[in-house]
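Engineer: Please find target_10.pdb (PDB, N, CA and C atoms, pLDDT in the B column) on the next line:
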MODEL        1
ATOM      1  N   MET A   1       0.832  -1.172   0.000  1.00 84.00           N
ATOM      2  CA  MET A   1       0.000   0.000   0.000  1.00 84.00           C
ATOM      3  C   MET A   1       0.877   1.236   0.000  1.00 84.00           C
ATOM      4  N   LYS A   2       0.364   2.279  -0.512  1.00 88.00           N
ATOM      5  CA  LYS A   2       1.093   3.535  -0.487  1.00 88.00           C
ATOM      6  C   LYS A   2       0.971   4.152   0.905  1.00 88.00           C
ATOM      7  N   LEU A   3       2.101   4.583   1.431  1.00 92.00           N
ATOM      8  CA  LEU A   3       2.135   5.161   2.764  1.00 92.00           C
ATOM      9  C   LEU A   3       2.136   6.684   2.697  1.00 92.00           C
ATOM     10  N   THR A   4       1.582   7.296   3.720  1.00 94.00           N
ATOM     11  CA  THR A   4       1.642   8.747   3.827  1.00 94.00           C
ATOM     12  C   THR A   4       3.065   9.132   4.229  1.00 94.00           C
ATOM     13  N   SER A   5       3.379  10.396   4.164  1.00 96.00           N
ATOM     14  CA  SER A   5       4.726  10.829   4.545  1.00 96.00           C
ATOM     15  C   SER A   5       4.986  10.553   6.029  1.00 96.00           C
ATOM     16  N   GLU A   6       3.980  10.696   6.858  1.00 96.00           N
ATOM     17  CA  GLU A   6       4.119  10.393   8.287  1.00 96.00           C
ATOM     18  C   GLU A   6       4.397   8.892   8.498  1.00 96.00           C
ATOM     19  N   GLU A   7       3.687   8.054   7.759  1.00 94.00           N
ATOM     20  CA  GLU A   7       3.897   6.608   7.861  1.00 94.00           C
ATOM     21  C   GLU A   7       5.279   6.216   7.342  1.00 94.00           C
ATOM     22  N   MET A   8       5.750   6.891   6.302  1.00 95.00           N
ATOM     23  CA  MET A   8       7.094   6.610   5.788  1.00 95.00           C
ATOM     24  C   MET A   8       8.154   6.946   6.841  1.00 95.00           C
ATOM     25  N   ASP A   9       7.967   8.047   7.567  1.00 96.00           N
ATOM     26  CA  ASP A   9       8.890   8.412   8.641  1.00 96.00           C
ATOM     27  C   ASP A   9       8.899   7.341   9.727  1.00 96.00           C
ATOM     28  N   ILE A  10       7.721   6.849  10.082  1.00 96.00           N
ATOM     29  CA  ILE A  10       7.613   5.774  11.077  1.00 96.00           C
ATOM     30  C   ILE A  10       8.334   4.533  10.571  1.00 96.00           C
ATOM     31  N   CYS A  11       8.117   4.185   9.321  1.00 94.00           N
ATOM     32  CA  CYS A  11       8.751   3.008   8.719  1.00 94.00           C
ATOM     33  C   CYS A  11      10.270   3.137   8.734  1.00 94.00           C
ATOM     34  N   ARG A  12      10.774   4.287   8.346  1.00 95.00           N
ATOM     35  CA  ARG A  12      12.227   4.510   8.353  1.00 95.00           C
ATOM     36  C   ARG A  12      12.809   4.350   9.750  1.00 95.00           C
ATOM     37  N   GLN A  13      12.113   4.871  10.742  1.00 96.00           N
ATOM     38  CA  GLN A  13      12.589   4.802  12.117  1.00 96.00           C
ATOM     39  C   GLN A  13      12.692   3.352  12.596  1.00 96.00           C
ATOM     40  N   TYR A  14      11.668   2.559  12.371  1.00 94.00           N
ATOM     41  CA  TYR A  14      11.655   1.184  12.865  1.00 94.00           C
ATOM     42  C   TYR A  14      12.473   0.224  11.997  1.00 94.00           C
ATOM     43  N   SER A  15      12.698   0.552  10.737  1.00 93.00           N
ATOM     44  CA  SER A  15      13.469  -0.343   9.876  1.00 93.00           C
ATOM     45  C   SER A  15      14.967  -0.050   9.894  1.00 93.00           C
ATOM     46  N   LYS A  16      15.351   0.991  10.630  1.00 95.00           N
ATOM     47  CA  LYS A  16      16.768   1.306  10.796  1.00 95.00           C
ATOM     48  C   LYS A  16      17.440   0.227  11.637  1.00 95.00           C
ATOM     49  N   ARG A  17      18.645  -0.159  11.249  1.00 95.00           N
ATOM     50  CA  ARG A  17      19.373  -1.187  12.001  1.00 95.00           C
ATOM     51  C   ARG A  17      19.966  -0.599  13.279  1.00 95.00           C
ATOM     52  N   ASP A  18      19.883  -1.379  14.350  1.00 95.00           N
ATOM     53  CA  ASP A  18      20.454  -0.938  15.626  1.00 95.00           C
ATOM     54  C   ASP A  18      21.923  -1.365  15.715  1.00 95.00           C
ATOM     55  N   LYS A  19      22.531  -1.252  16.878  1.00 95.00           N
ATOM     56  CA  LYS A  19      23.954  -1.580  17.055  1.00 95.00           C
ATOM     57  C   LYS A  19      24.258  -3.038  16.769  1.00 95.00           C
ATOM     58  N   GLU A  20      23.296  -3.906  16.987  1.00 95.00           N
ATOM     59  CA  GLU A  20      23.472  -5.342  16.717  1.00 95.00           C
ATOM     60  C   GLU A  20      23.112  -5.711  15.281  1.00 95.00           C
ATOM     61  N   GLY A  21      22.698  -4.738  14.486  1.00 94.00           N
ATOM     62  CA  GLY A  21      22.353  -4.973  13.086  1.00 94.00           C
ATOM     63  C   GLY A  21      20.930  -5.455  12.875  1.00 94.00           C
ATOM     64  N   ARG A  22      20.097  -5.333  13.878  1.00 94.00           N
ATOM     65  CA  ARG A  22      18.714  -5.806  13.781  1.00 94.00           C
ATOM     66  C   ARG A  22      17.766  -4.646  13.504  1.00 94.00           C
ATOM     67  N   VAL A  23      16.722  -4.953  12.759  1.00 93.00           N
ATOM     68  CA  VAL A  23      15.651  -3.978  12.542  1.00 93.00           C
ATOM     69  C   VAL A  23      14.556  -4.230  13.575  1.00 93.00           C
ATOM     70  N   HIS A  24      13.669  -3.278  13.755  1.00 92.00           N
ATOM     71  CA  HIS A  24      12.622  -3.410  14.763  1.00 92.00           C
ATOM     72  C   HIS A  24      11.227  -3.288  14.154  1.00 92.00           C
ATOM     73  N   CYS A  25      11.084  -3.847  12.968  1.00 90.00           N
ATOM     74  CA  CYS A  25       9.799  -3.781  12.271  1.00 90.00           C
ATOM     75  C   CYS A  25       8.684  -4.447  13.079  1.00 90.00           C
ATOM     76  N   PHE A  26       9.010  -5.479  13.840  1.00 89.00           N
ATOM     77  CA  PHE A  26       7.988  -6.176  14.628  1.00 89.00           C
ATOM     78  C   PHE A  26       7.400  -5.282  15.717  1.00 89.00           C
ATOM     79  N   GLU A  27       8.086  -4.209  16.074  1.00 92.00           N
ATOM     80  CA  GLU A  27       7.591  -3.261  17.078  1.00 92.00           C
ATOM     81  C   GLU A  27       6.842  -2.083  16.449  1.00 92.00           C
ATOM     82  N   CYS A  28       6.878  -1.982  15.167  1.00 92.00           N
ATOM     83  CA  CYS A  28       6.311  -0.844  14.446  1.00 92.00           C
ATOM     84  C   CYS A  28       4.780  -0.805  14.564  1.00 92.00           C
ATOM     85  N   PRO A  29       4.211   0.377  14.728  1.00 92.00           N
ATOM     86  CA  PRO A  29       2.755   0.491  14.790  1.00 92.00           C
ATOM     87  C   PRO A  29       2.062   0.196  13.452  1.00 92.00           C
ATOM     88  N   LEU A  30       2.816   0.134  12.371  1.00 91.00           N
ATOM     89  CA  LEU A  30       2.231  -0.194  11.066  1.00 91.00           C
ATOM     90  C   LEU A  30       2.162  -1.699  10.827  1.00 91.00           C
ATOM     91  N   ALA A  31       2.797  -2.490  11.692  1.00 90.00           N
ATOM     92  CA  ALA A  31       2.822  -3.945  11.540  1.00 90.00           C
ATOM     93  C   ALA A  31       1.475  -4.547  11.927  1.00 90.00           C
ATOM     94  N   PHE A  32       1.035  -5.531  11.143  1.00 86.00           N
ATOM     95  CA  PHE A  32      -0.210  -6.238  11.438  1.00 86.00           C
ATOM     96  C   PHE A  32       0.064  -7.507  12.234  1.00 86.00           C
ATOM     97  N   ASP A  33       1.257  -8.050  12.070  1.00 80.00           N
ATOM     98  CA  ASP A  33       1.614  -9.314  12.697  1.00 80.00           C
ATOM     99  C   ASP A  33       3.069  -9.253  13.128  1.00 80.00           C
ATOM    100  N   SER A  34       3.337  -9.481  14.392  1.00 73.00           N
ATOM    101  CA  SER A  34       4.712  -9.387  14.883  1.00 73.00           C
ATOM    102  C   SER A  34       5.540 -10.620  14.545  1.00 73.00           C
ATOM    103  N   ALA A  35       4.906 -11.721  14.188  1.00 79.00           N
ATOM    104  CA  ALA A  35       5.635 -12.950  13.873  1.00 79.00           C
ATOM    105  C   ALA A  35       6.070 -13.007  12.403  1.00 79.00           C
ATOM    106  N   PHE A  36       5.391 -12.268  11.542  1.00 79.00           N
ATOM    107  CA  PHE A  36       5.686 -12.296  10.112  1.00 79.00           C
ATOM    108  C   PHE A  36       5.896 -10.874   9.611  1.00 79.00           C
ATOM    109  N   PRO A  37       6.665 -10.704   8.548  1.00 78.00           N
ATOM    110  CA  PRO A  37       6.904  -9.348   8.019  1.00 78.00           C
ATOM    111  C   PRO A  37       5.706  -8.818   7.233  1.00 78.00           C
ATOM    112  N   ILE A  38       4.607  -8.640   7.914  1.00 86.00           N
ATOM    113  CA  ILE A  38       3.387  -8.159   7.281  1.00 86.00           C
ATOM    114  C   ILE A  38       3.046  -6.802   7.888  1.00 86.00           C
ATOM    115  N   CYS A  39       3.065  -5.784   7.039  1.00 88.00           N
ATOM    116  CA  CYS A  39       2.728  -4.448   7.512  1.00 88.00           C
ATOM    117  C   CYS A  39       2.022  -3.696   6.393  1.00 88.00           C
ATOM    118  N   LYS A  40       1.633  -2.506   6.706  1.00 87.00           N
ATOM    119  CA  LYS A  40       0.909  -1.689   5.733  1.00 87.00           C
ATOM    120  C   LYS A  40       1.735  -1.458   4.467  1.00 87.00           C
ATOM    121  N   LYS A  41       3.056  -1.434   4.603  1.00 88.00           N
ATOM    122  CA  LYS A  41       3.919  -1.190   3.454  1.00 88.00           C
ATOM    123  C   LYS A  41       4.026  -2.418   2.537  1.00 88.00           C
ATOM    124  N   THR A  42       3.892  -3.623   3.088  1.00 87.00           N
ATOM    125  CA  THR A  42       4.135  -4.834   2.315  1.00 87.00           C
ATOM    126  C   THR A  42       2.885  -5.498   1.745  1.00 87.00           C
ATOM    127  N   VAL A  43       1.698  -4.973   2.037  1.00 88.00           N
ATOM    128  CA  VAL A  43       0.470  -5.556   1.486  1.00 88.00           C
ATOM    129  C   VAL A  43      -0.169  -4.595   0.493  1.00 88.00           C
ATOM    130  N   SER A  44      -0.956  -5.160  -0.392  1.00 88.00           N
ATOM    131  CA  SER A  44      -1.694  -4.326  -1.340  1.00 88.00           C
ATOM    132  C   SER A  44      -2.928  -3.755  -0.653  1.00 88.00           C
ATOM    133  N   LYS A  45      -3.522  -2.766  -1.264  1.00 86.00           N
ATOM    134  CA  LYS A  45      -4.724  -2.160  -0.693  1.00 86.00           C
ATOM    135  C   LYS A  45      -5.844  -3.202  -0.610  1.00 86.00           C
ATOM    136  N   LYS A  46      -5.948  -4.044  -1.628  1.00 89.00           N
ATOM    137  CA  LYS A  46      -6.974  -5.088  -1.640  1.00 89.00           C
ATOM    138  C   LYS A  46      -6.754  -6.066  -0.483  1.00 89.00           C
ATOM    139  N   GLU A  47      -5.508  -6.512  -0.290  1.00 85.00           N
ATOM    140  CA  GLU A  47      -5.207  -7.415   0.819  1.00 85.00           C
ATOM    141  C   GLU A  47      -5.526  -6.760   2.162  1.00 85.00           C
ATOM    142  N   TYR A  48      -5.162  -5.505   2.286  1.00 82.00           N
ATOM    143  CA  TYR A  48      -5.419  -4.777   3.528  1.00 82.00           C
ATOM    144  C   TYR A  48      -6.920  -4.745   3.825  1.00 82.00           C
ATOM    145  N   LEU A  49      -7.718  -4.387   2.841  1.00 84.00           N
ATOM    146  CA  LEU A  49      -9.158  -4.282   3.059  1.00 84.00           C
ATOM    147  C   LEU A  49      -9.790  -5.638   3.350  1.00 84.00           C
ATOM    148  N   GLU A  50      -9.302  -6.706   2.700  1.00 84.00           N
ATOM    149  CA  GLU A  50      -9.870  -8.033   2.888  1.00 84.00           C
ATOM    150  C   GLU A  50      -9.425  -8.700   4.190  1.00 84.00           C
ATOM    151  N   GLU A  51      -8.175  -8.528   4.561  1.00 81.00           N
ATOM    152  CA  GLU A  51      -7.619  -9.308   5.655  1.00 81.00           C
ATOM    153  C   GLU A  51      -7.308  -8.547   6.932  1.00 81.00           C
ATOM    154  N   TYR A  52      -6.866  -7.292   6.815  1.00 77.00           N
ATOM    155  CA  TYR A  52      -6.248  -6.629   7.965  1.00 77.00           C
ATOM    156  C   TYR A  52      -6.952  -5.374   8.457  1.00 77.00           C
ATOM    157  N   SER A  53      -7.898  -4.827   7.723  1.00 72.00           N
ATOM    158  CA  SER A  53      -8.496  -3.550   8.090  1.00 72.00           C
ATOM    159  C   SER A  53      -9.199  -3.588   9.456  1.00 72.00           C
ATOM    160  N   ASP A  54      -9.684  -4.732   9.862  1.00 72.00           N
ATOM    161  CA  ASP A  54     -10.385  -4.821  11.147  1.00 72.00           C
ATOM    162  C   ASP A  54      -9.425  -4.905  12.333  1.00 72.00           C
ATOM    163  N   ARG A  55      -8.137  -5.082  12.085  1.00 62.00           N
ATOM    164  CA  ARG A  55      -7.146  -5.194  13.167  1.00 62.00           C
ATOM    165  C   ARG A  55      -6.684  -3.846  13.667  1.00 62.00           C
ATOM    166  N   LYS A  56      -6.856  -2.790  12.913  1.00 52.00           N
ATOM    167  CA  LYS A  56      -6.387  -1.452  13.315  1.00 52.00           C
ATOM    168  C   LYS A  56      -7.536  -0.635  13.825  1.00 52.00           C
TER     169      LYS A  56
ENDMDL
END
Can you present the structure in this file as C-alpha coordinates?

Structural biologist:
Amino acid sequence: MKLTSEEMDICRQYSKRDKEGRVHCFECPLAFDSAFPICKKTVSKKEYLEEYSDRK
(Lines of atoms letter the chains of each structure in order from A and count residues from 1; the text may use other names and numbers.)
(Lines give C-alpha, C1' and ligand atoms only; values in the text may rest on other atoms or scores of the structure.)
Protein backbone atom coordinates (compact mmCIF):
# COMPACT_ATOMS: atom_id res chain seq x y z
CA MET A 1 0.00 0.00 0.00
CA LYS A 2 1.09 3.53 -0.49
CA LEU A 3 2.14 5.16 2.76
CA THR A 4 1.64 8.75 3.83
CA SER A 5 4.73 10.83 4.54
CA GLU A 6 4.12 10.39 8.29
CA GLU A 7 3.90 6.61 7.86
CA MET A 8 7.09 6.61 5.79
CA ASP A 9 8.89 8.41 8.64
CA ILE A 10 7.61 5.77 11.08
CA CYS A 11 8.75 3.01 8.72
CA ARG A 12 12.23 4.51 8.35
CA GLN A 13 12.59 4.80 12.12
CA TYR A 14 11.65 1.18 12.87
CA SER A 15 13.47 -0.34 9.88
CA LYS A 16 16.77 1.31 10.80
CA ARG A 17 19.37 -1.19 12.00
CA ASP A 18 20.45 -0.94 15.63
CA LYS A 19 23.95 -1.58 17.05
CA GLU A 20 23.47 -5.34 16.72
CA GLY A 21 22.35 -4.97 13.09
CA ARG A 22 18.71 -5.81 13.78
CA VAL A 23 15.65 -3.98 12.54
CA HIS A 24 12.62 -3.41 14.76
CA CYS A 25 9.80 -3.78 12.27
CA PHE A 26 7.99 -6.18 14.63
CA GLU A 27 7.59 -3.26 17.08
CA CYS A 28 6.31 -0.84 14.45
CA PRO A 29 2.76 0.49 14.79
CA LEU A 30 2.23 -0.19 11.07
CA ALA A 31 2.82 -3.94 11.54
CA PHE A 32 -0.21 -6.24 11.44
CA ASP A 33 1.61 -9.31 12.70
CA SER A 34 4.71 -9.39 14.88
CA ALA A 35 5.63 -12.95 13.87
CA PHE A 36 5.69 -12.30 10.11
CA PRO A 37 6.90 -9.35 8.02
CA ILE A 38 3.39 -8.16 7.28
CA CYS A 39 2.73 -4.45 7.51
CA LYS A 40 0.91 -1.69 5.73
CA LYS A 41 3.92 -1.19 3.45
CA THR A 42 4.14 -4.83 2.31
CA VAL A 43 0.47 -5.56 1.49
CA SER A 44 -1.69 -4.33 -1.34
CA LYS A 45 -4.72 -2.16 -0.69
CA LYS A 46 -6.97 -5.09 -1.64
CA GLU A 47 -5.21 -7.42 0.82
CA TYR A 48 -5.42 -4.78 3.53
CA LEU A 49 -9.16 -4.28 3.06
CA GLU A 50 -9.87 -8.03 2.89
CA GLU A 51 -7.62 -9.31 5.66
CA TYR A 52 -6.25 -6.63 7.96
CA SER A 53 -8.50 -3.55 8.09
CA ASP A 54 -10.38 -4.82 11.15
CA ARG A 55 -7.15 -5.19 13.17
CA LYS A 56 -6.39 -1.45 13.31

Engineer: Please identify the alpha helix (DSSP H) residues within chain A (assignment by DSSP from backbone atoms) and present them as a list in words.

Structural biologist: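 In chain A, DSSP puts these residues in alpha helix (DSSP H): Ser5, Glu6, Glu7, Met8, Asp9, Ile10, Cys11, Arg12, Gln13, Tyr14, Ser15, Lys45, Lys46 and Glu47 of chain A.
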
Engineer: What is the distance, in Å and to one decimal place, between atom CA of A:Val43 and atom CA of A:Leu3?

Structural biologist: 10.9 Å

Engineer: When DSSP works through the backbone of this structure, what residues of chain A end up as strand (DSSP E), shown as a PyMOL selection string?

Structural biologist: chain A and resi 31-33+38-39

Engineer: Expressed in Å to a single decimal, how great is the separation between atom CA of A:Asp18 and atom N of A:Ser44?

Structural biologist: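 Interatomic distance, atom CA of A:Asp18 to atom N of A:Ser44: 27.1 Å.
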
Engineer: Apply the PyMOL selection byres (((chain A and resi 20-37 and name CA) around 9) and name CA) to the displayed file and report the matching residues as a list of chain:residue names.

Structural biologist: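 Selected by the PyMOL selection byres (((chain A and resi 20-37 and name CA) around 9) and name CA) in this file: A:Glu7, A:Ile10, A:Cys11, A:Gln13, A:Tyr14, A:Ser15, A:Lys16, A:Arg17, A:Asp18, A:Lys19, A:Ile38, A:Cys39, A:Lys40, A:Lys41, A:Thr42, A:Tyr52, A:Arg55, A:Lys56.
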
Engineer: What does the structure give for the distance between atom CA of A:Met1 and atom CA of A:Lys45, in Å to one decimal?

Structural biologist: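 A separation of 5.2 Å between them.
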
Engineer: Any chance you could work out the axis-aligned box around stretch 18-24 of chain A, listed atoms only, 4 Å on each side, giving centre and edge lengths in Å to one decimal, as JSON?

Structural biologist:
{"center_x": 17.7, "center_y": -3.4, "center_z": 14.8, "size_x": 21.0, "size_y": 12.9, "size_z": 12.5}
